[in-house]
Amino acid sequence: MTQNLFEEEPLAYVAPQVIAPGAVLLRGFASDVGTALLDAVTQVTACAPLRHLVTPGGYTMSVAMSNCGALGWVSDRTGYRYTRSDPLSGQPWPPMPDCFADLAVRAATEAGFEDFRPDACLINRYEPGARLSLHQDKDEGDMTAPIVSVSLGLPAVFLFGSTLRKDRPARYRLIHGDVAVWGGPSRLAYHGVAPLAEGDHPRLGRQRINLTFRCAA
Ligand code: SIN
Ligand code: FE2
């Protein structure tokens, strides 16, 4: 496999790129804190390991997930929901690291959403071939708050559509350090991730890590 290394180089953040009303890409916004975020992911997932959840339909997800913060998103045969404790351990989810909350609040502010105070962070790990089919984030209690999504490691193709499932989503390549924020009229936009391509990231190897911050309560 050949790769243009220059294309993979995180660029310094410049300005929001509007992709829909209430939705922006902040390219490179997290580049300078990537190492701190990944160190914190290692600490969180030592307590609450990444695991492949089962959907209500009985399908095992290709993305492995964990959580930190007061609330964590889980799925099993009985449905999707937020819980205060990790079903694997019965213990509360690990607290949200300060570097996570700081970045999420700064990104939301940059995107025009003041006073974002996330109480949940879903950690998604993609290995080559893993994908997330089109869905809406609709299990959260506060729909006035946006979703803040941080990409680390291997590049991915992010699919972002409208609030109607029938509309074909646009495709955006997200690399290490990119942040997407969607709220307001785009809060219930359909989104997903195309199957992750093979690659070798200098820090994460064959992995992409995504952090999504939400106001779940
Ligand atoms: C998600 O929809 O929760 C994750 C999106 C992503 O991995 O970029
Ligand atoms: Fe989502």
# chains A, B, ... in the order shown; residues from 1 in each chain; ligands from 1
call {"tool": "residues_near_ligand", "arguments": {"ligand": "ligand 2", "cutoff": "9 Å", "atoms": "only C-alpha atoms and all ligand atoms", "output": "ChimeraX atom specification"}}
result
/A:132,134-138,147,149,190-192,212
call {"tool": "closest_atom_pairs", "arguments": {"of": "chain A", "to": "ligand 1", "cutoff": "10 Å", "atoms": "only C-alpha atoms and all ligand atoms", "output": "JSON lines"}}
result
{"residue": "A:Val63", "atom": "CA", "partner": "ligand 1", "partner_atom_place_in_ligand_line": "7 (O)", "distance": 8.7}
{"residue": "A:Met65", "atom": "CA", "partner": "ligand 1", "partner_atom_place_in_ligand_line": "3 (O)", "distance": 9.5}
{"residue": "A:Trp73", "atom": "CA", "partner": "ligand 1", "partner_atom_place_in_ligand_line": "3 (O)", "distance": 9.7}
{"residue": "A:Cys121", "atom": "CA", "partner": "ligand 1", "partner_atom_place_in_ligand_line": "3 (O)", "distance": 9.5}
{"residue": "A:Leu122", "atom": "CA", "partner": "ligand 1", "partner_atom_place_in_ligand_line": "3 (O)", "distance": 7.0}
{"residue": "A:Ile123", "atom": "CA", "partner": "ligand 1", "partner_atom_place_in_ligand_line": "3 (O)", "distance": 8.2}
{"residue": "A:Asn124", "atom": "CA", "partner": "ligand 1", "partner_atom_place_in_ligand_line": "7 (O)", "distance": 6.2}
{"residue": "A:Arg125", "atom": "CA", "partner": "ligand 1", "partner_atom_place_in_ligand_line": "7 (O)", "distance": 8.0}
{"residue": "A:Tyr126", "atom": "CA", "partner": "ligand 1", "partner_atom_place_in_ligand_line": "7 (O)", "distance": 7.9}
{"residue": "A:Arg131", "atom": "CA", "partner": "ligand 1", "partner_atom_place_in_ligand_line": "7 (O)", "distance": 8.3}
{"residue": "A:Leu132", "atom": "CA", "partner": "ligand 1", "partner_atom_place_in_ligand_line": "2 (O)", "distance": 7.1}
{"residue": "A:Ser133", "atom": "CA", "partner": "ligand 1", "partner_atom_place_in_ligand_line": "2 (O)", "distance": 8.7}
{"residue": "A:Leu134", "atom": "CA", "partner": "ligand 1", "partner_atom_place_in_ligand_line": "2 (O)", "distance": 8.2}
{"residue": "A:His135", "atom": "CA", "partner": "ligand 1", "partner_atom_place_in_ligand_line": "2 (O)", "distance": 7.3}
{"residue": "A:Gln136", "atom": "CA", "partner": "ligand 1", "partner_atom_place_in_ligand_line": "2 (O)", "distance": 7.8}
{"residue": "A:Asp137", "atom": "CA", "partner": "ligand 1", "partner_atom_place_in_ligand_line": "2 (O)", "distance": 7.1}
{"residue": "A:Ile147", "atom": "CA", "partner": "ligand 1", "partner_atom_place_in_ligand_line": "3 (O)", "distance": 8.9}
{"residue": "A:Val148", "atom": "CA", "partner": "ligand 1", "partner_atom_place_in_ligand_line": "5 (C)", "distance": 9.5}
{"residue": "A:Ser149", "atom": "CA", "partner": "ligand 1", "partner_atom_place_in_ligand_line": "8 (O)", "distance": 6.3}
{"residue": "A:Val150", "atom": "CA", "partner": "ligand 1", "partner_atom_place_in_ligand_line": "8 (O)", "distance": 7.2}
{"residue": "A:Ser151", "atom": "CA", "partner": "ligand 1", "partner_atom_place_in_ligand_line": "8 (O)", "distance": 6.4}
{"residue": "A:Leu152", "atom": "CA", "partner": "ligand 1", "partner_atom_place_in_ligand_line": "8 (O)", "distance": 9.5}
{"residue": "A:Pro155", "atom": "CA", "partner": "ligand 1", "partner_atom_place_in_ligand_line": "8 (O)", "distance": 10.0}
{"residue": "A:Ala156", "atom": "CA", "partner": "ligand 1", "partner_atom_place_in_ligand_line": "8 (O)", "distance": 7.6}
{"residue": "A:Val157", "atom": "CA", "partner": "ligand 1", "partner_atom_place_in_ligand_line": "8 (O)", "distance": 8.3}
{"residue": "A:Phe158", "atom": "CA", "partner": "ligand 1", "partner_atom_place_in_ligand_line": "8 (O)", "distance": 6.0}
{"residue": "A:Leu159", "atom": "CA", "partner": "ligand 1", "partner_atom_place_in_ligand_line": "8 (O)", "distance": 8.5}
{"residue": "A:Phe160", "atom": "CA", "partner": "ligand 1", "partner_atom_place_in_ligand_line": "5 (C)", "distance": 9.7}
{"residue": "A:Leu174", "atom": "CA", "partner": "ligand 1", "partner_atom_place_in_ligand_line": "8 (O)", "distance": 8.0}
{"residue": "A:Asp178", "atom": "CA", "partner": "ligand 1", "partner_atom_place_in_ligand_line": "8 (O)", "distance": 9.8}
{"residue": "A:Val179", "atom": "CA", "partner": "ligand 1", "partner_atom_place_in_ligand_line": "8 (O)", "distance": 8.9}
{"residue": "A:Ala180", "atom": "CA", "partner": "ligand 1", "partner_atom_place_in_ligand_line": "8 (O)", "distance": 8.1}
{"residue": "A:Tyr190", "atom": "CA", "partner": "ligand 1", "partner_atom_place_in_ligand_line": "2 (O)", "distance": 8.9}
{"residue": "A:His191", "atom": "CA", "partner": "ligand 1", "partner_atom_place_in_ligand_line": "2 (O)", "distance": 6.3}
{"residue": "A:Gly192", "atom": "CA", "partner": "ligand 1", "partner_atom_place_in_ligand_line": "2 (O)", "distance": 5.6}
{"residue": "A:Val193", "atom": "CA", "partner": "ligand 1", "partner_atom_place_in_ligand_line": "6 (C)", "distance": 5.9}
{"residue": "A:Ala194", "atom": "CA", "partner": "ligand 1", "partner_atom_place_in_ligand_line": "7 (O)", "distance": 9.4}
{"residue": "A:Arg208", "atom": "CA", "partner": "ligand 1", "partner_atom_place_in_ligand_line": "7 (O)", "distance": 8.3}
{"residue": "A:Ile209", "atom": "CA", "partner": "ligand 1", "partner_atom_place_in_ligand_line": "7 (O)", "distance": 7.4}
{"residue": "A:Asn210", "atom": "CA", "partner": "ligand 1", "partner_atom_place_in_ligand_line": "7 (O)", "distance": 4.9}
{"residue": "A:Leu211", "atom": "CA", "partner": "ligand 1", "partner_atom_place_in_ligand_line": "7 (O)", "distance": 7.3}
{"residue": "A:Thr212", "atom": "CA", "partner": "ligand 1", "partner_atom_place_in_ligand_line": "3 (O)", "distance": 5.8}
{"residue": "A:Phe213", "atom": "CA", "partner": "ligand 1", "partner_atom_place_in_ligand_line": "3 (O)", "distance": 8.9}
{"residue": "A:Arg214", "atom": "CA", "partner": "ligand 1", "partner_atom_place_in_ligand_line": "3 (O)", "distance": 9.8}
call {"tool": "atom_distance", "arguments": {"atom1": "CA of Asp76 (chain A)", "atom2": "CA of Val54 (chain A)"}}
result
5.0 Å
call {"tool": "atom_distance", "arguments": {"atom1": "CA of Ala130 (chain A)", "atom2": "CA of Asp39 (chain A)"}}
result
22.6 Å
call {"tool": "residues_around", "arguments": {"residues": "region 81-91 of chain A", "least_positions_apart": "6", "cutoff": "10 Å", "atoms": "only C-alpha atoms", "output": "ChimeraX atom specification"}}
result
/A:47-49,51,66-75,120,138-141,216-217
call {"tool": "residues_around", "arguments": {"residues": "Gly177 (chain A)", "least_positions_apart": "6", "cutoff": "8 Å", "atoms": "only C-alpha atoms", "output": "PyMOL selection string"}}
result
chain A and resi 10+27-32+34+150-152
call {"tool": "write_last_selection", "arguments": {"atoms": "N, CA, C and O atoms", "output": "PDB file, in the first residue's frame"}}
result
ATOM      1  N   PRO A  10      -1.027  16.217  10.133  1.00  0.00           N
ATOM      2  CA  PRO A  10      -2.067  17.114  10.651  1.00  0.00           C
ATOM      3  C   PRO A  10      -1.685  18.557  10.390  1.00  0.00           C
ATOM      4  O   PRO A  10      -0.539  18.947  10.582  1.00  0.00           O
ATOM      5  N   ARG A  27     -10.843  21.404  11.225  1.00  0.00           N
ATOM      6  CA  ARG A  27      -9.726  20.548  10.804  1.00  0.00           C
ATOM      7  C   ARG A  27      -8.462  20.892  11.583  1.00  0.00           C
ATOM      8  O   ARG A  27      -8.069  22.048  11.643  1.00  0.00           O
ATOM      9  N   GLY A  28      -7.879  19.877  12.210  1.00  0.00           N
ATOM     10  CA  GLY A  28      -6.634  20.066  12.962  1.00  0.00           C
ATOM     11  C   GLY A  28      -6.826  20.676  14.340  1.00  0.00           C
ATOM     12  O   GLY A  28      -5.844  20.944  15.030  1.00  0.00           O
ATOM     13  N   PHE A  29      -8.067  20.847  14.762  1.00  0.00           N
ATOM     14  CA  PHE A  29      -8.317  21.556  16.031  1.00  0.00           C
ATOM     15  C   PHE A  29      -7.686  20.824  17.222  1.00  0.00           C
ATOM     16  O   PHE A  29      -7.289  21.455  18.206  1.00  0.00           O
ATOM     17  N   ALA A  30      -7.600  19.484  17.151  1.00  0.00           N
ATOM     18  CA  ALA A  30      -7.063  18.702  18.277  1.00  0.00           C
ATOM     19  C   ALA A  30      -5.639  18.216  18.019  1.00  0.00           C
ATOM     20  O   ALA A  30      -5.106  17.428  18.814  1.00  0.00           O
ATOM     21  N   SER A  31      -5.010  18.694  16.940  1.00  0.00           N
ATOM     22  CA  SER A  31      -3.666  18.168  16.597  1.00  0.00           C
ATOM     23  C   SER A  31      -2.679  18.335  17.738  1.00  0.00           C
ATOM     24  O   SER A  31      -1.897  17.435  18.030  1.00  0.00           O
ATOM     25  N   ASP A  32      -2.720  19.489  18.393  1.00  0.00           N
ATOM     26  CA  ASP A  32      -1.687  19.766  19.399  1.00  0.00           C
ATOM     27  C   ASP A  32      -1.937  19.050  20.726  1.00  0.00           C
ATOM     28  O   ASP A  32      -1.063  19.048  21.582  1.00  0.00           O
ATOM     29  N   GLY A  34      -3.287  15.771  20.688  1.00  0.00           N
ATOM     30  CA  GLY A  34      -3.502  14.359  20.347  1.00  0.00           C
ATOM     31  C   GLY A  34      -2.807  13.397  21.299  1.00  0.00           C
ATOM     32  O   GLY A  34      -3.396  12.403  21.737  1.00  0.00           O
ATOM     33  N   VAL A 150     -14.147  13.804  17.922  1.00  0.00           N
ATOM     34  CA  VAL A 150     -12.705  14.007  17.726  1.00  0.00           C
ATOM     35  C   VAL A 150     -12.103  12.760  17.075  1.00  0.00           C
ATOM     36  O   VAL A 150     -12.319  11.642  17.563  1.00  0.00           O
ATOM     37  N   SER A 151     -11.348  12.954  15.997  1.00  0.00           N
ATOM     38  CA  SER A 151     -10.733  11.836  15.274  1.00  0.00           C
ATOM     39  C   SER A 151      -9.251  11.742  15.595  1.00  0.00           C
ATOM     40  O   SER A 151      -8.528  12.738  15.516  1.00  0.00           O
ATOM     41  N   LEU A 152      -8.795  10.522  15.913  1.00  0.00           N
ATOM     42  CA  LEU A 152      -7.382  10.276  16.204  1.00  0.00           C
ATOM     43  C   LEU A 152      -6.938   9.005  15.478  1.00  0.00           C
ATOM     44  O   LEU A 152      -7.730   8.076  15.299  1.00  0.00           O
TER      45      LEU A 152
END
call {"tool": "closest_residue", "arguments": {"among": "A:Ala23, A:Ala64, A:Ala12, A:Val18", "to": "Gly183 (chain A)", "atoms": "only C-alpha atoms"}}
result
A:Ala23
call {"tool": "select_by_dssp", "arguments": {"residues": "region 54-201 of chain A", "states": "helix (DSSP H, G or I)", "output": "ChimeraX atom specification"}}
result
/A:98-110,184-186
call {"tool": "write_last_selection", "arguments": {"atoms": "all heavy atoms", "output": "mmCIF file, in the first residue's frame"}}
result
data_model
loop_
_atom_site.group_PDB
_atom_site.id
_atom_site.type_symbol
_atom_site.label_atom_id
_atom_site.label_comp_id
_atom_site.auth_asym_id
_atom_site.auth_seq_id
_atom_site.Cartn_x
_atom_site.Cartn_y
_atom_site.Cartn_z
ATOM 1 N N ASP A 98 -9.636 15.687 32.348
ATOM 2 C CA ASP A 98 -9.705 17.144 32.137
ATOM 3 C C ASP A 98 -9.350 17.524 30.704
ATOM 4 O O ASP A 98 -9.966 18.424 30.129
ATOM 5 C CB ASP A 98 -8.746 17.877 33.093
ATOM 6 C CG ASP A 98 -9.260 17.858 34.526
ATOM 7 O OD1 ASP A 98 -10.460 17.568 34.728
ATOM 8 O OD2 ASP A 98 -8.450 18.123 35.435
ATOM 9 N N CYS A 99 -8.360 16.840 30.121
ATOM 10 C CA CYS A 99 -7.957 17.211 28.759
ATOM 11 C C CYS A 99 -9.072 16.922 27.755
ATOM 12 O O CYS A 99 -9.195 17.601 26.733
ATOM 13 C CB CYS A 99 -6.637 16.551 28.347
ATOM 14 S SG CYS A 99 -6.675 14.758 28.206
ATOM 15 N N PHE A 100 -9.922 15.902 28.050
ATOM 16 C CA PHE A 100 -11.079 15.624 27.182
ATOM 17 C C PHE A 100 -12.077 16.780 27.270
ATOM 18 O O PHE A 100 -12.509 17.331 26.268
ATOM 19 C CB PHE A 100 -11.818 14.352 27.642
ATOM 20 C CG PHE A 100 -11.254 13.043 27.159
ATOM 21 C CD1 PHE A 100 -9.911 12.878 26.903
ATOM 22 C CD2 PHE A 100 -12.110 11.943 27.002
ATOM 23 C CE1 PHE A 100 -9.416 11.651 26.488
ATOM 24 C CE2 PHE A 100 -11.630 10.723 26.577
ATOM 25 C CZ PHE A 100 -10.284 10.560 26.320
ATOM 26 N N ALA A 101 -12.473 17.094 28.510
ATOM 27 C CA ALA A 101 -13.511 18.121 28.706
ATOM 28 C C ALA A 101 -13.047 19.469 28.160
ATOM 29 O O ALA A 101 -13.805 20.170 27.480
ATOM 30 C CB ALA A 101 -13.869 18.216 30.184
ATOM 31 N N ASP A 102 -11.783 19.813 28.421
ATOM 32 C CA ASP A 102 -11.255 21.105 27.941
ATOM 33 C C ASP A 102 -11.368 21.207 26.426
ATOM 34 O O ASP A 102 -11.833 22.219 25.888
ATOM 35 C CB ASP A 102 -9.766 21.252 28.298
ATOM 36 C CG ASP A 102 -9.554 21.506 29.771
ATOM 37 O OD1 ASP A 102 -10.547 21.711 30.488
ATOM 38 O OD2 ASP A 102 -8.378 21.486 30.194
ATOM 39 N N LEU A 103 -10.927 20.164 25.737
ATOM 40 C CA LEU A 103 -10.957 20.202 24.278
ATOM 41 C C LEU A 103 -12.400 20.278 23.770
ATOM 42 O O LEU A 103 -12.707 21.061 22.857
ATOM 43 C CB LEU A 103 -10.274 18.969 23.687
ATOM 44 C CG LEU A 103 -10.417 18.933 22.168
ATOM 45 C CD1 LEU A 103 -9.520 19.959 21.512
ATOM 46 C CD2 LEU A 103 -10.203 17.551 21.609
ATOM 47 N N ALA A 104 -13.284 19.476 24.352
ATOM 48 C CA ALA A 104 -14.675 19.427 23.884
ATOM 49 C C ALA A 104 -15.354 20.791 24.054
ATOM 50 O O ALA A 104 -16.066 21.257 23.162
ATOM 51 C CB ALA A 104 -15.449 18.346 24.638
ATOM 52 N N VAL A 105 -15.106 21.439 25.184
ATOM 53 C CA VAL A 105 -15.719 22.744 25.442
ATOM 54 C C VAL A 105 -15.156 23.790 24.474
ATOM 55 O O VAL A 105 -15.902 24.596 23.902
ATOM 56 C CB VAL A 105 -15.499 23.152 26.919
ATOM 57 C CG1 VAL A 105 -15.880 24.615 27.145
ATOM 58 C CG2 VAL A 105 -16.280 22.230 27.846
ATOM 59 N N ARG A 106 -13.847 23.754 24.257
ATOM 60 C CA ARG A 106 -13.236 24.714 23.324
ATOM 61 C C ARG A 106 -13.760 24.518 21.913
ATOM 62 O O ARG A 106 -14.021 25.479 21.182
ATOM 63 C CB ARG A 106 -11.709 24.578 23.340
ATOM 64 C CG ARG A 106 -11.068 25.193 24.578
ATOM 65 C CD ARG A 106 -9.559 25.380 24.387
ATOM 66 N NE ARG A 106 -8.828 24.137 24.223
ATOM 67 C CZ ARG A 106 -8.167 23.781 23.132
ATOM 68 N NH1 ARG A 106 -8.137 24.569 22.059
ATOM 69 N NH2 ARG A 106 -7.525 22.619 23.085
ATOM 70 N N ALA A 107 -13.904 23.252 21.496
ATOM 71 C CA ALA A 107 -14.381 22.968 20.129
ATOM 72 C C ALA A 107 -15.829 23.412 19.965
ATOM 73 O O ALA A 107 -16.190 24.014 18.945
ATOM 74 C CB ALA A 107 -14.240 21.474 19.824
ATOM 75 N N ALA A 108 -16.662 23.139 20.968
ATOM 76 C CA ALA A 108 -18.067 23.559 20.884
ATOM 77 C C ALA A 108 -18.154 25.082 20.785
ATOM 78 O O ALA A 108 -18.911 25.620 19.967
ATOM 79 C CB ALA A 108 -18.844 23.048 22.096
ATOM 80 N N THR A 109 -17.364 25.774 21.593
ATOM 81 C CA THR A 109 -17.366 27.240 21.563
ATOM 82 C C THR A 109 -16.946 27.741 20.188
ATOM 83 O O THR A 109 -17.569 28.643 19.612
ATOM 84 C CB THR A 109 -16.417 27.783 22.658
ATOM 85 O OG1 THR A 109 -16.848 27.279 23.917
ATOM 86 C CG2 THR A 109 -16.418 29.307 22.687
ATOM 87 N N GLU A 110 -15.896 27.141 19.641
ATOM 88 C CA GLU A 110 -15.405 27.539 18.319
ATOM 89 C C GLU A 110 -16.477 27.342 17.247
ATOM 90 O O GLU A 110 -16.545 28.103 16.280
ATOM 91 C CB GLU A 110 -14.146 26.709 17.978
ATOM 92 C CG GLU A 110 -13.462 27.067 16.696
ATOM 93 C CD GLU A 110 -12.801 28.451 16.720
ATOM 94 O OE1 GLU A 110 -12.654 29.026 17.810
ATOM 95 O OE2 GLU A 110 -12.442 28.935 15.628
ATOM 96 N N GLY A 184 -27.903 22.197 16.786
ATOM 97 C CA GLY A 184 -28.951 23.044 16.209
ATOM 98 C C GLY A 184 -29.746 22.270 15.176
ATOM 99 O O GLY A 184 -30.164 21.140 15.425
ATOM 100 N N PRO A 185 -29.922 22.860 13.972
ATOM 101 C CA PRO A 185 -30.746 22.186 12.954
ATOM 102 C C PRO A 185 -30.145 20.871 12.452
ATOM 103 O O PRO A 185 -30.838 20.066 11.831
ATOM 104 C CB PRO A 185 -30.832 23.207 11.812
ATOM 105 C CG PRO A 185 -29.860 24.287 12.120
ATOM 106 C CD PRO A 185 -29.478 24.198 13.564
ATOM 107 N N SER A 186 -28.845 20.636 12.737
ATOM 108 C CA SER A 186 -28.201 19.375 12.313
ATOM 109 C C SER A 186 -28.063 18.373 13.456
ATOM 110 O O SER A 186 -27.445 17.318 13.277
ATOM 111 C CB SER A 186 -26.801 19.648 11.749
ATOM 112 O OG SER A 186 -26.883 20.226 10.459
#
call {"tool": "atom_distance", "arguments": {"atom1": "CA of Thr42 (chain A)", "atom2": "CA of Met61 (chain A)"}}
result
21.1 Å
call {"tool": "residues_around", "arguments": {"residues": "Gln207 (chain A)", "least_positions_apart": "3", "cutoff": "9 Å", "atoms": "only C-alpha atoms", "output": "PyMOL selection string"}}
result
chain A and resi 125-128+152-154+196+198-201+204
call {"tool": "closest_residue", "arguments": {"among": "A:Phe113, A:Arg77, A:Leu50, A:Thr45", "to": "Val181 (chain A)", "atoms": "only C-alpha atoms"}}
result
A:Phe113
